[in-house]
Protein chains: 4
Amino acid sequence: MDVFESTESEVRSYCRGWPATFRKATGSHLYDEEGRPFLDFFAGAGTLNYGHNNPHLKENLLEYLSGDNIIHSLDMYTVAKREFLETFRDVILKPRGLDYRVQFPGPGGANAVEAALKLARKYTGRNTVVSFTNAFHGMSLGALAVTGNSMKRRSAGIPLQTLAMPFDNYLDGQTPDFLLFERLLADSGSGLDTPAAVIVETVQGEGGLNAASPEWLRGLSELCRQHEILLIVDDIQMGCGRTGPFFSFEQAGITPDIVCLSKSLSGYGLPFAVTLLKPELDVWDPGEHNGTFRGPNPAFVTATAAMQHFWADDGMEKQTIAKSEQVQEALDRVAAAHPEGVSGTRGRGLAQGLAFTEPAHASAVCAAAFERNLLLETSGPESEVVKLLPPLTSTPDELAEGLDIIADSVKTVLV
Amino acid sequence: MDVFESTESEVRSYCRGWPATFRKATGSHLYDEEGRPFLDFFAGAGTLNYGHNNPHLKENLLEYLSGDNIIHSLDMYTVAKREFLETFRDVILKPRGLDYRVQFPGPGGANAVEAALKLARKYTGRNTVVSFTNAFHGMSLGALAVTGNSMKRRSAGIPLQTLAMPFDNYLDGQTPDFLLFERLLADSGSGLDTPAAVIVETVQGEGGLNAASPEWLRGLSELCRQHEILLIVDDIQMGCGRTGPFFSFEQAGITPDIVCLSKSLSGYGLPFAVTLLKPELDVWDPGEHNGTFRGPNPAFVTATAAMQHFWADDGMEKQTIAKSEQVQEALDRVAAAHPEGVSGTRGRGLAQGLAFTEPAHASAVCAAAFERNLLLETSGPESEVVKLLPPLTSTPDELAEGLDIIADSVKTVLV
Amino acid sequence: MDVFESTESEVRSYCRGWPATFRKATGSHLYDEEGRPFLDFFAGAGTLNYGHNNPHLKENLLEYLSGDNIIHSLDMYTVAKREFLETFRDVILKPRGLDYRVQFPGPGGANAVEAALKLARKYTGRNTVVSFTNAFHGMSLGALAVTGNSMKRRSAGIPLQTLAMPFDNYLDGQTPDFLLFERLLADSGSGLDTPAAVIVETVQGEGGLNAASPEWLRGLSELCRQHEILLIVDDIQMGCGRTGPFFSFEQAGITPDIVCLSKSLSGYGLPFAVTLLKPELDVWDPGEHNGTFRGPNPAFVTATAAMQHFWADDGMEKQTIAKSEQVQEALDRVAAAHPEGVSGTRGRGLAQGLAFTEPAHASAVCAAAFERNLLLETSGPESEVVKLLPPLTSTPDELAEGLDIIADSVKTVLV
Amino acid sequence: MDVFESTESEVRSYCRGWPATFRKATGSHLYDEEGRPFLDFFAGAGTLNYGHNNPHLKENLLEYLSGDNIIHSLDMYTVAKREFLETFRDVILKPRGLDYRVQFPGPGGANAVEAALKLARKYTGRNTVVSFTNAFHGMSLGALAVTGNSMKRRSAGIPLQTLAMPFDNYLDGQTPDFLLFERLLADSGSGLDTPAAVIVETVQGEGGLNAASPEWLRGLSELCRQHEILLIVDDIQMGCGRTGPFFSFEQAGITPDIVCLSKSLSGYGLPFAVTLLKPELDVWDPGEHNGTFRGPNPAFVTATAAMQHFWADDGMEKQTIAKSEQVQEALDRVAAAHPEGVSGTRGRGLAQGLAFTEPAHASAVCAAAFERNLLLETSGPESEVVKLLPPLTSTPDELAEGLDIIADSVKTVLV
């Protein structure tokens with residue numbers, strides 16, 4: 001029995017579907033310890049938008065580390081943090097006409113969500129937070145309480161009942177958007193307290209690649225505005241360019257009150273997260289929310305390099321949109337070829353999926369892809385969706401190669 | 001107005017007491033951007049037990065990064081993770097006769113605590129978790145609910161009433177240990193449900209450097225055993241050698257059911273945390289608790305190097321104990337010199353404190369120390385304790401230098 | 001200042017709309033201390049279905065009290081309790097093919113609801129209870145947590161967020177019944193835990209006289225059956241014949257798992273409540289739910305007399321239906337005469353209402369009716385509905401007299 | 001199988017220990033349907049302080065009912081309510097120098113407790129309510145959450161962890177009163193939020209006849225005053241003269257902020273409860289807490305008669321104290337005669353108990369007493385205390401008779 005089986009907790013899961021021990025990784029590929037290459041259509045669940053070991057970021061990181069620059073700094077001021085903040089302000093916020101304060105809430109996405117929820121409740125003096133069907137916001141207690149998946153939620157060991165509204169198209173277009181939500185908010189006897197906040201993903205990555213339309217997002221934003229409810233966009237997985245623009249909500253033309261970013265924020269796979277707040281919401285007392293890993297300087301460095309390298313102009317966004325069309329066309333072809341087995345395509349940008357009528361087929365397709373050297377995961381409440389999250393830096397050829405493997409794997413499974 | 005003031009949230013706090021922008025750091029020193037050196041008696045709140053940019057760890061890290069080895073891997077198997085697990089098993093667990101499964105719960109200490117609480121509730125099927133007065137376990141909702149500090153807890157924006165028992169010596173020896181707790185557990189009408197778990201720090205770092213005696217810890221462990229309550233030791237700040245041995249509970253000779261580690265675990269200031277579980281408690285379903293940053297390979301590498309370098313024998317432990325005596329003697333002298341202003345010394349190992357009769361004096365001492373190029377923080381519910389957390393690798397001369405500055409600062413303040 | 005103003009809490013409310021001090025009452029009339037008669041279209045909010053001081057019940061009660069029979073007996077066996085149980089079984093349950101165990105949960109409706117919720121959670125081992133928009137179930141914490149009215153719920157002083165589904169026709173027929181609820185239950189990622197129970201009123205008396213259609217109730221019952229969710233009907237206000245049959249759910253042909261009865265159960269205005277449980281749900285341990293006033297023998301006596309007198313055949317039901325048609329026709333005429341001011345009629349049986357476009361008009365109509373010696377109350381989240389709850393024993397002439405006053409009052413207000 | 005077994009819920013309990021069907025009752029005696037008399041040392045768990053069918057109250061009640069006076073009135077003004085309020089003010093409050101507003105919260109004690117908790121939270125804007133070990137406050141969710149008994153609390157089906165402080169002498173005098181509570185309140189890191197209120201019984205009837213000393217009650221009152229915490233005395237069982245004076249807290253000379261009364265308030269066993277509030281706490285909005293049975297006019301009538309008849313002077317109080325001495329002496333003799341089997345006597349006034357070393361002996365004594373025609377119940381978390389709650393109107397001879405039976409029963413059991 002190896003050390004993983006003898007010593008690592010049973011909670012481990014990805015390793016069960018991908019029985020390999022990985023050693024190296026560059027660009028769109030991972031390599032196991034025998035040197036077998038895998039094309040990566042998973043990108044660390046959206047954490048590696050710029051691929052593995054991006055050479056530009058690597059150079060900056062090595063230089064920083066070699067120079068005995070400060071690594072860990074809690075929320076002290078550091079040169080690396082200043083450069084991150086200035087770059088974030090100048091490259092990301094200003095060109096988009098956005099004005100946010102940056103909070104460093106802790107190293108992971110769940111920290112960003114917890115801080116957002118706490119601040120929304122403090123600012124409004126209200127308790128309720130409305131989330132959406134099939135939402136995923138994290139594993140700590142506050143984040144779990146707004147997460148849809150019942151297995152994850154049950155793991156809390158205490159009752160955590162979400163207050164979930166239907167996400168866009170949840171009822172297959174049978175009801176007008178927000179018909180129920182608007183009525184509940186307007187009716188003082190509805191049983192719904194005016195919420196402190198609504199928390200939403202623009203595309204539900206874990207929930208099955210459900211993509212909200214720009215109209216729906218605008219409707220939600222307007223509803224929140226009317227009822228003075230804070231709008232929190234959890235852009236942890238879909239931000240940093242995954243759907244094309246840096247923020248996934250740009251396409252809808254909305255400005256959330258609070259935004260959570262993490263995953264690809266460091267650009268290099270290093271733990272890093274921020275919570276962005278409209279300045280008027282910044283009612284935190286000093287130290288009211290703290291934590292050990294709020295000053296991850298190596299991540300400041302790679303994040304700064306990633307913004308400068310990839311986001312100084314709109315090239316990244318345009319390329320992602322072009323690549324997403326390539327992916328969508330290929331998936332449409334697969335869906336068209338298997339009208340019974342495949343129930344449809346899902347997603348937006350480079351977060352796309354193929355939904356299967358029979359949930360088990362999705363896992364089988366991922367297993368067949370793994371045999372063909374492609375890393376691919378499922379998503380959705382029944383794991384019924386094959387999820388494609390390739391690095392944004394994947395070449396058209398790499399995408400084509402992976403899409404061919406998918407087509408082939410689907411064919412094998414659905415025969 | 002600089003970018004920190006214009007763009008970073010008001011929640012920032014350490015930077016307020018230490019008005020400097022830091023650039024570099026090595027060993028026991030930090031340097032601001034003008035090159036002014038500061039002796040570090042804070043060590044990233046216990047995250048930098050081996051000092052800043054330890055050259056041995058740095059060498060391993062640079063080699064790993066340069067070689068395009070895998071950086072981010074969720075819970076996939078990697079070569080770096082295998083080496084971490086094998087080293088942890090062989091260097092840390094086996095020599096101490098400990099048998100734990102290792103869970104990677106997410107990048108920070110709060111993740112380790114959240115996972116511990118969830119598992120304890122799942123395993124026992126009970127809800128209540130008992131914590132202690134002045135406990136500190138983290139900022140996410142589950143961790144906050146077992147944290148004593150009312151300002152932090154209130155930040156949740158929803159009622160979070162802890163169920164806290166008195167910590168060792170909380171009532172100044174006026175009651176036998178566990179008199180109340182035992183009675184409540186034995187009495188089915190007491191109003192205390194049998195808890196799923198008790199969560200405890202052996203020394204309360206944030207709560208005022210309150211150190212539990214070995215006898216008290218043994219009594220707690222025995223009480224838990226009798227009532228089949230799981231004992232969780234939050235060793236996030238006091239583990240990794242801070243009090244002498246690798247685990248802070250070794251001195252008491254107890255074996256907790258669950259242990260949380262983070263802060264100095266990576267040894268280099270990188271975000272990393274584990275939750276250790278007795279094998280029989282490992283009832284997690286695969287993927288039941290997940291998260292993005294559970295495979296931080298650079299941290300695996302530095303953690304492995306730190307264990308090999310510092311913990312292959314008992315040298316580290318012995319040195320820490322010797323240094324702690326040096327610190328304690330110096331603090332005793334300061335206390336003796338100011339019998340009215342200083343109410344006592346606190347702590348154990350290289351986590352020690354000086355408690356002030358007038359809370360404001362503690363902050364004033366830290367400010368005076370900063371002027372004298374020493375980084376020093378307060379602790380305790382009223383910030384009434386000056387807290388010393390120097391790197392374990394501080395030389396006796398460095399310690400002496402810092403202790404002199406403290407003595408001088410106290411003198412200045414208490415005049 | 002009289003004793004009411006000086007000594008009774010500000011929480012008092014009905015007395016504010018009806019500035020009179022009542023002394024006597026018989027049949028459909030109340031009399032104030034000056035002897036001014038009032039026609040009663042309120043019936044103690046549905047507590048006096050058989051009118052005030054019904055002579056048959058009074059005779060039985062006086063005989064019982066005169067004979068020094070036992071008054072208060074907790075849950076001891078008494079002769080009066082045996083007669084109540086036998087009569088309830090033989091007159092109410094058996095002829096309707098119903099098989100329920102009877103629990104005496106305490107003297108009021110909220111006790112019946114609290115017992116129902118506790119048992120549903122115990123039996124299923126689940127936590128969530130789904131209620132409906134504009135539901136009203138009582139003022140104790142458990143009952144409040146399933147009540148829609150935000151002002152009432154807020155009075156708890158702690159967050160009590162209901163989990164409310166839309167009641168029948170809540171969205172004005174724009175969506176199929178249970179479209180959302182079914183989808184949420186079928187989807188393990190929806191965020192809705194499988195509930196222990198659904199609690200519903202067939203006609204929402206306090207919520208605005210919203211009447212669920214038989215089809216909707218059957219749909220709800222079937223949905224509960226499919227998902228093994230317990231169906232609780234709160235028949236506290238609508239039971240005991242208010243809508244025609246003894247139980248208000250008989251028209252729909254459904255059999256709830258748990259039924260709450262109170263208000264008119266004693267028939268005489270005495271505090272009394274029962275919770276009815278399907279025998280297989282009777283998993284209570286002896287004494288697990290207790291209480292002081294579970295053996296109100298005078299109420300047993302009047303309840304027994306009421307059942308024997310009014311429910312031995314179907315005469316009561318038929319008369320109520322006939323009277324309800326008289327009421328409905330009259331209200332339809334009023335509505336038709338004021339198409340702008342009156343937005344519609346509501347309700348079923350002798351629980352009917354007139355909804356006003358402008359909420360303030362409803363209160364004005366009640367005030368005008370009071371001037372005309374008619375007691376009439378409002379209902380609905382904005383108090384926008386004039387509610388008619390006359391005694392079921394009101395004569396057609398009395399009904400006609402009251403309906404004329406209403407028509408006249410509406411005319412006065414809407415001019 | 002009789003109707004009780006076939007049709008009443010398994011939750012029934014007193015009937016299990018007293019296998020008889022009761023028909024009549026007068027004074028200190030009940031009679032079963034065969035005419036077998038039982039001496040009552042239970043008094044409806046303290047609901048029948050003036051005995052069964054007291055002729056004076058009965059006369060007033062029959063006259064009221066015969067005259068077609070109003071029975072049920074919600075919170076409308078009635079002549080009977082005015083007389084109750086005037087009498088309560090003039091006979092109970094004024095002579096004791098008390099100034100309270102009277103709220104009619106619903107028919108039972110739990111309603112009085114729920115209203116008290118809601119108001120305390122509303123008034124203070126805080127959430128936490130501190131209760132005591134072995135407290136009993138009722139079966140509805142809010143009341144259960146401050147009740148010590150774990151079996152009762154578990155029946156809620158959702159986690160209800162009380163926040164309980166040790167009651168007087170809980171630790172057998174090993175710690176000074178309030179040592180822990182004071183420290184927790186003074187320490188902002190203790191984990192205890194400043195509570196909205198403390199709720200306490202002066203003698204814990206269900207919890208084992210634990211009587212708080214006047215000193216302890218004064219200490220508690222003073223602690224509440226210092227920290228601006230509301231003091232709620234639940235005088236449901238111990239009020240109305242059970243310990244001597246009308247209110248059980250009079251002996252301690254304290255004035256609670258809120259008082260709950262029920263049980264013997266109607267004097268006749270009829271459901272009735274009030275919540276008394278200091279005038280400045282009366283921040284209720286009209287109708288914010290409502291309920292069906294808040295105007296139980298027959299209970300107003302008997303309560304008024306009881307106050308006039310029993311409380312116009314201090315005779316009742318003096319007699320109760322004299323009788324309590326008779327009881328205490330007899331119990332002391334029993335205890336002295338069985339130093340091993342009986343662990344002590346408990347209680348105050350006519351609420352006294354005999355605690356057994358072996359809990360099963362207490363039930364056995366009650367069973368032996370029943371065979372000897374005496375009704376007697378157990379109390380305490382393990383039902384280890386034989387509880388004596390005879391009517392206050394019991395004659396010395398009746399008391400002597402019952403005490404002899406107890407002595408005899410104890411002898412039988414402990415042989």
# chains A, B, ... in the order shown; residues from 1 in each chain; ligands from 1
$ select_by_dssp --residues "region 194-395 of chain B" --states "alpha helix (DSSP H)" --output "number ranges by chain"
B: 214-226, 297-310, 315-337, 359-371
$ interface_residues --of "chain C" --to "chain A" --cutoff "7 Å" --atoms "only C-alpha atoms" --output "ChimeraX atom specification"
/C:127,133-134,147-150,159,161-164,175,188-193,381
$ select_by_dssp --residues "region 51-168 of chain D" --states "strand (DSSP E or B)" --output "PDB file with N, CA and C atoms, in the first residue's frame"
ATOM      1  N   HIS D  52     -59.212  21.558  44.456  1.00  0.00           N
ATOM      2  CA  HIS D  52     -60.127  21.283  43.342  1.00  0.00           C
ATOM      3  C   HIS D  52     -61.494  21.888  43.617  1.00  0.00           C
ATOM      4  N   ASN D  69     -72.578  35.767  30.034  1.00  0.00           N
ATOM      5  CA  ASN D  69     -71.498  36.750  29.888  1.00  0.00           C
ATOM      6  C   ASN D  69     -70.504  36.271  28.830  1.00  0.00           C
ATOM      7  N   HIS D  72     -65.240  34.355  25.240  1.00  0.00           N
ATOM      8  CA  HIS D  72     -63.992  34.429  24.456  1.00  0.00           C
ATOM      9  C   HIS D  72     -63.924  35.795  23.794  1.00  0.00           C
ATOM     10  N   TYR D  77     -61.695  44.586  24.939  1.00  0.00           N
ATOM     11  CA  TYR D  77     -61.989  44.956  26.333  1.00  0.00           C
ATOM     12  C   TYR D  77     -63.262  44.241  26.775  1.00  0.00           C
ATOM     13  N   THR D  78     -63.226  43.668  27.966  1.00  0.00           N
ATOM     14  CA  THR D  78     -64.444  43.100  28.539  1.00  0.00           C
ATOM     15  C   THR D  78     -64.537  43.515  30.000  1.00  0.00           C
ATOM     16  N   ARG D 101     -46.741  46.322  33.699  1.00  0.00           N
ATOM     17  CA  ARG D 101     -47.771  46.185  32.690  1.00  0.00           C
ATOM     18  C   ARG D 101     -48.095  44.702  32.543  1.00  0.00           C
ATOM     19  N   VAL D 102     -49.343  44.401  32.238  1.00  0.00           N
ATOM     20  CA  VAL D 102     -49.796  43.019  32.096  1.00  0.00           C
ATOM     21  C   VAL D 102     -49.994  42.696  30.617  1.00  0.00           C
ATOM     22  N   GLN D 103     -49.309  41.667  30.142  1.00  0.00           N
ATOM     23  CA  GLN D 103     -49.546  41.174  28.790  1.00  0.00           C
ATOM     24  C   GLN D 103     -50.236  39.825  28.878  1.00  0.00           C
ATOM     25  N   VAL D 129     -29.893  34.496  25.459  1.00  0.00           N
ATOM     26  CA  VAL D 129     -30.589  34.440  26.740  1.00  0.00           C
ATOM     27  C   VAL D 129     -29.914  33.353  27.567  1.00  0.00           C
ATOM     28  N   VAL D 130     -29.502  33.708  28.745  1.00  0.00           N
ATOM     29  CA  VAL D 130     -28.852  32.758  29.645  1.00  0.00           C
ATOM     30  C   VAL D 130     -29.901  32.116  30.543  1.00  0.00           C
ATOM     31  N   SER D 131     -29.860  30.805  30.624  1.00  0.00           N
ATOM     32  CA  SER D 131     -30.736  30.095  31.553  1.00  0.00           C
ATOM     33  C   SER D 131     -29.844  29.328  32.532  1.00  0.00           C
ATOM     34  N   PHE D 132     -30.449  28.443  33.308  1.00  0.00           N
ATOM     35  CA  PHE D 132     -29.670  27.759  34.328  1.00  0.00           C
ATOM     36  C   PHE D 132     -29.774  26.243  34.193  1.00  0.00           C
ATOM     37  N   ALA D 164     -26.340  27.620  29.547  1.00  0.00           N
ATOM     38  CA  ALA D 164     -26.761  27.491  30.937  1.00  0.00           C
ATOM     39  C   ALA D 164     -25.624  27.798  31.902  1.00  0.00           C
ATOM     40  N   MET D 165     -25.922  28.617  32.879  1.00  0.00           N
ATOM     41  CA  MET D 165     -25.000  28.871  33.982  1.00  0.00           C
ATOM     42  C   MET D 165     -25.407  27.966  35.146  1.00  0.00           C
TER      43      MET D 165
END
$ residues_around --residues "region 238-249 of chain B" --least-positions-apart "3" --cutoff "9 Å" --atoms "only C-alpha atoms" --output "compact mmCIF listing (two decimals) with N, CA, C and O atoms, in the first residue's frame"
# COMPACT_ATOMS: atom_id res chain seq x y z
N GLY B 46 3.74 33.66 14.03
CA GLY B 46 4.07 32.26 14.22
C GLY B 46 4.16 31.46 12.94
O GLY B 46 4.21 30.23 12.97
N ASN B 49 8.56 30.25 11.77
CA ASN B 49 9.36 29.67 12.87
C ASN B 49 10.82 29.49 12.47
O ASN B 49 11.69 29.51 13.34
N ILE B 92 7.91 12.95 11.46
CA ILE B 92 7.06 13.55 12.50
C ILE B 92 6.23 12.49 13.24
O ILE B 92 6.31 12.38 14.47
N GLU B 201 -6.68 25.19 22.20
CA GLU B 201 -5.28 25.53 21.95
C GLU B 201 -4.51 25.25 23.25
O GLU B 201 -5.00 25.59 24.32
N THR B 202 -3.33 24.71 23.14
CA THR B 202 -2.56 24.44 24.37
C THR B 202 -2.03 25.74 24.97
O THR B 202 -1.91 25.87 26.18
N VAL B 203 -1.69 26.68 24.10
CA VAL B 203 -1.37 28.04 24.53
C VAL B 203 -2.20 28.96 23.65
O VAL B 203 -2.18 28.83 22.43
N GLN B 204 -2.97 29.85 24.27
CA GLN B 204 -3.86 30.72 23.49
C GLN B 204 -3.10 31.94 23.01
O GLN B 204 -2.95 32.92 23.74
N GLY B 205 -2.63 31.86 21.77
CA GLY B 205 -1.76 32.92 21.25
C GLY B 205 -2.48 34.25 21.12
O GLY B 205 -1.98 35.29 21.60
N PRO B 214 0.29 20.99 31.62
CA PRO B 214 0.17 19.59 31.19
C PRO B 214 -0.92 18.85 31.97
O PRO B 214 -1.65 18.03 31.40
N LEU B 217 -4.30 19.73 30.56
CA LEU B 217 -4.52 19.10 29.26
C LEU B 217 -4.80 17.61 29.41
O LEU B 217 -5.66 17.06 28.72
N VAL B 233 -7.13 19.44 18.92
CA VAL B 233 -6.13 20.44 19.30
C VAL B 233 -5.85 21.32 18.09
O VAL B 233 -5.45 20.83 17.03
N ASP B 234 -6.14 22.58 18.23
CA ASP B 234 -5.80 23.56 17.20
C ASP B 234 -4.35 23.97 17.46
O ASP B 234 -4.07 24.80 18.32
N ASP B 235 -3.44 23.34 16.71
CA ASP B 235 -2.01 23.58 16.90
C ASP B 235 -1.46 24.46 15.78
O ASP B 235 -0.28 24.38 15.43
N ALA B 252 2.39 17.31 27.32
CA ALA B 252 1.35 16.79 28.21
C ALA B 252 1.18 15.28 28.05
O ALA B 252 0.50 14.65 28.86
N GLY B 253 1.77 14.71 27.02
CA GLY B 253 1.63 13.27 26.82
C GLY B 253 0.26 12.83 26.37
O GLY B 253 -0.15 11.70 26.61
N ILE B 254 -0.47 13.74 25.74
CA ILE B 254 -1.81 13.35 25.28
C ILE B 254 -1.80 13.12 23.76
O ILE B 254 -0.88 13.56 23.06
N THR B 255 -2.81 12.42 23.28
CA THR B 255 -2.96 12.18 21.84
C THR B 255 -4.35 12.64 21.42
O THR B 255 -5.34 11.94 21.62
N PRO B 256 -4.43 13.84 20.83
CA PRO B 256 -5.74 14.33 20.41
C PRO B 256 -6.33 13.45 19.31
O PRO B 256 -5.59 12.74 18.62
N CYS B 260 -5.10 20.28 14.11
CA CYS B 260 -5.04 21.24 13.02
C CYS B 260 -3.65 21.88 13.00
O CYS B 260 -3.18 22.39 14.02
N LEU B 261 -3.01 21.87 11.83
CA LEU B 261 -1.71 22.50 11.66
C LEU B 261 -1.76 23.48 10.49
O LEU B 261 -2.44 23.22 9.50
N SER B 262 -1.04 24.56 10.59
CA SER B 262 -0.90 25.47 9.45
C SER B 262 0.28 26.40 9.76
O SER B 262 1.31 25.93 10.20
N LYS B 263 0.15 27.67 9.55
CA LYS B 263 1.18 28.69 9.80
C LYS B 263 2.59 28.20 9.42
O LYS B 263 2.94 28.24 8.23
N SER B 264 3.38 27.70 10.35
CA SER B 264 4.78 27.35 10.02
C SER B 264 4.93 26.00 9.34
O SER B 264 6.05 25.52 9.18
N LEU B 265 3.83 25.41 8.93
CA LEU B 265 3.94 24.07 8.35
C LEU B 265 4.75 24.07 7.06
O LEU B 265 5.60 23.19 6.85
N GLY B 267 6.91 26.22 6.41
CA GLY B 267 8.24 26.64 6.82
C GLY B 267 8.76 27.88 6.11
O GLY B 267 9.79 28.43 6.49
N TRP B 311 13.86 18.70 11.86
CA TRP B 311 13.21 17.76 12.77
C TRP B 311 13.73 16.34 12.69
O TRP B 311 13.13 15.43 13.27
N ASP B 314 16.38 15.75 17.74
CA ASP B 314 15.72 16.58 18.77
C ASP B 314 16.47 17.89 19.04
O ASP B 314 16.20 18.57 20.03
N MET B 316 16.38 20.79 17.49
CA MET B 316 15.51 21.96 17.42
C MET B 316 14.75 22.15 18.73
O MET B 316 14.69 23.24 19.29
N GLU B 317 14.17 21.06 19.21
CA GLU B 317 13.37 21.13 20.44
C GLU B 317 14.22 21.62 21.60
O GLU B 317 13.80 22.50 22.37
N LYS B 318 15.44 21.05 21.71
CA LYS B 318 16.30 21.43 22.83
C LYS B 318 16.70 22.90 22.76
O LYS B 318 16.72 23.61 23.77
N GLN B 319 17.03 23.32 21.54
CA GLN B 319 17.42 24.73 21.39
C GLN B 319 16.27 25.67 21.73
O GLN B 319 16.46 26.72 22.35
N THR B 320 15.09 25.31 21.29
CA THR B 320 13.94 26.17 21.56
C THR B 320 13.71 26.29 23.06
O THR B 320 13.43 27.38 23.59
N ILE B 321 13.85 25.16 23.74
CA ILE B 321 13.63 25.21 25.19
C ILE B 321 14.69 26.08 25.86
O ILE B 321 14.39 26.89 26.75
N SER B 324 13.85 29.60 25.15
CA SER B 324 12.66 30.06 25.89
C SER B 324 13.03 30.41 27.32
O SER B 324 12.43 31.29 27.93
N GLY B 347 2.68 32.45 28.94
CA GLY B 347 3.09 31.66 27.79
C GLY B 347 4.03 30.51 28.10
O GLY B 347 4.27 30.14 29.27
N ARG B 348 4.55 29.94 27.03
CA ARG B 348 5.44 28.79 27.12
C ARG B 348 6.28 28.72 25.86
O ARG B 348 5.85 29.14 24.79
N GLY B 349 7.47 28.14 25.96
CA GLY B 349 8.35 28.00 24.80
C GLY B 349 8.69 29.37 24.25
O GLY B 349 8.92 30.33 25.01
N LEU B 350 8.70 29.49 22.92
CA LEU B 350 8.97 30.80 22.34
C LEU B 350 7.68 31.54 21.98
O LEU B 350 7.63 32.28 20.99
N ALA B 351 6.67 31.30 22.80
CA ALA B 351 5.42 32.06 22.72
C ALA B 351 5.20 32.63 24.12
O ALA B 351 4.59 31.98 24.97
N LEU B 389 6.90 36.39 19.73
CA LEU B 389 6.93 35.19 18.88
C LEU B 389 8.14 35.27 17.95
O LEU B 389 8.00 35.30 16.73
N PRO B 391 11.34 34.17 15.65
CA PRO B 391 11.66 32.93 14.95
C PRO B 391 12.39 31.97 15.90
O PRO B 391 13.17 32.43 16.75
N LEU B 392 12.12 30.68 15.74
CA LEU B 392 12.81 29.71 16.58
C LEU B 392 14.31 29.71 16.26
O LEU B 392 15.12 29.28 17.08
$ residues_around --residues "Gln226 (chain B)" --least-positions-apart "3" --cutoff "12 Å" --atoms "only C-alpha atoms" --output "ChimeraX atom specification"
/B:182,185-186,194,219-223,229-231
$ write_last_selection --atoms "N, CA and C atoms" --output "CSV table (one decimal), in the first residue's frame"
chain,number,residue,atom,x,y,z
B,182,GLU,N,-17.3,18.8,34.1
B,182,GLU,CA,-17.6,17.4,34.5
B,182,GLU,C,-19.1,17.3,35.0
B,185,LEU,N,-21.5,17.6,32.1
B,185,LEU,CA,-21.6,16.4,31.3
B,185,LEU,C,-22.3,15.2,31.9
B,186,ALA,N,-22.2,15.1,33.2
B,186,ALA,CA,-22.7,14.0,34.0
B,186,ALA,C,-24.2,14.2,34.2
B,194,THR,N,-24.3,16.5,25.1
B,194,THR,CA,-23.0,15.9,24.9
B,194,THR,C,-22.4,16.4,23.6
B,219,GLY,N,-6.2,16.3,32.0
B,219,GLY,CA,-7.5,16.2,32.6
B,219,GLY,C,-8.6,16.3,31.5
B,220,LEU,N,-8.3,17.3,30.6
B,220,LEU,CA,-9.3,17.5,29.5
B,220,LEU,C,-9.4,16.3,28.6
B,221,SER,N,-8.2,15.7,28.3
B,221,SER,CA,-8.1,14.5,27.4
B,221,SER,C,-8.9,13.4,28.1
B,222,GLU,N,-8.7,13.2,29.4
B,222,GLU,CA,-9.3,12.1,30.1
B,222,GLU,C,-10.9,12.3,30.1
B,223,LEU,N,-11.3,13.6,30.4
B,223,LEU,CA,-12.7,13.9,30.4
B,223,LEU,C,-13.3,13.5,29.0
B,229,ILE,N,-16.1,12.1,23.7
B,229,ILE,CA,-16.1,13.4,23.0
B,229,ILE,C,-14.8,13.5,22.3
B,230,LEU,N,-14.8,13.9,21.1
B,230,LEU,CA,-13.5,14.0,20.3
B,230,LEU,C,-12.7,15.3,20.8
B,231,LEU,N,-11.4,15.1,20.9
B,231,LEU,CA,-10.6,16.2,21.4
B,231,LEU,C,-9.8,16.7,20.1
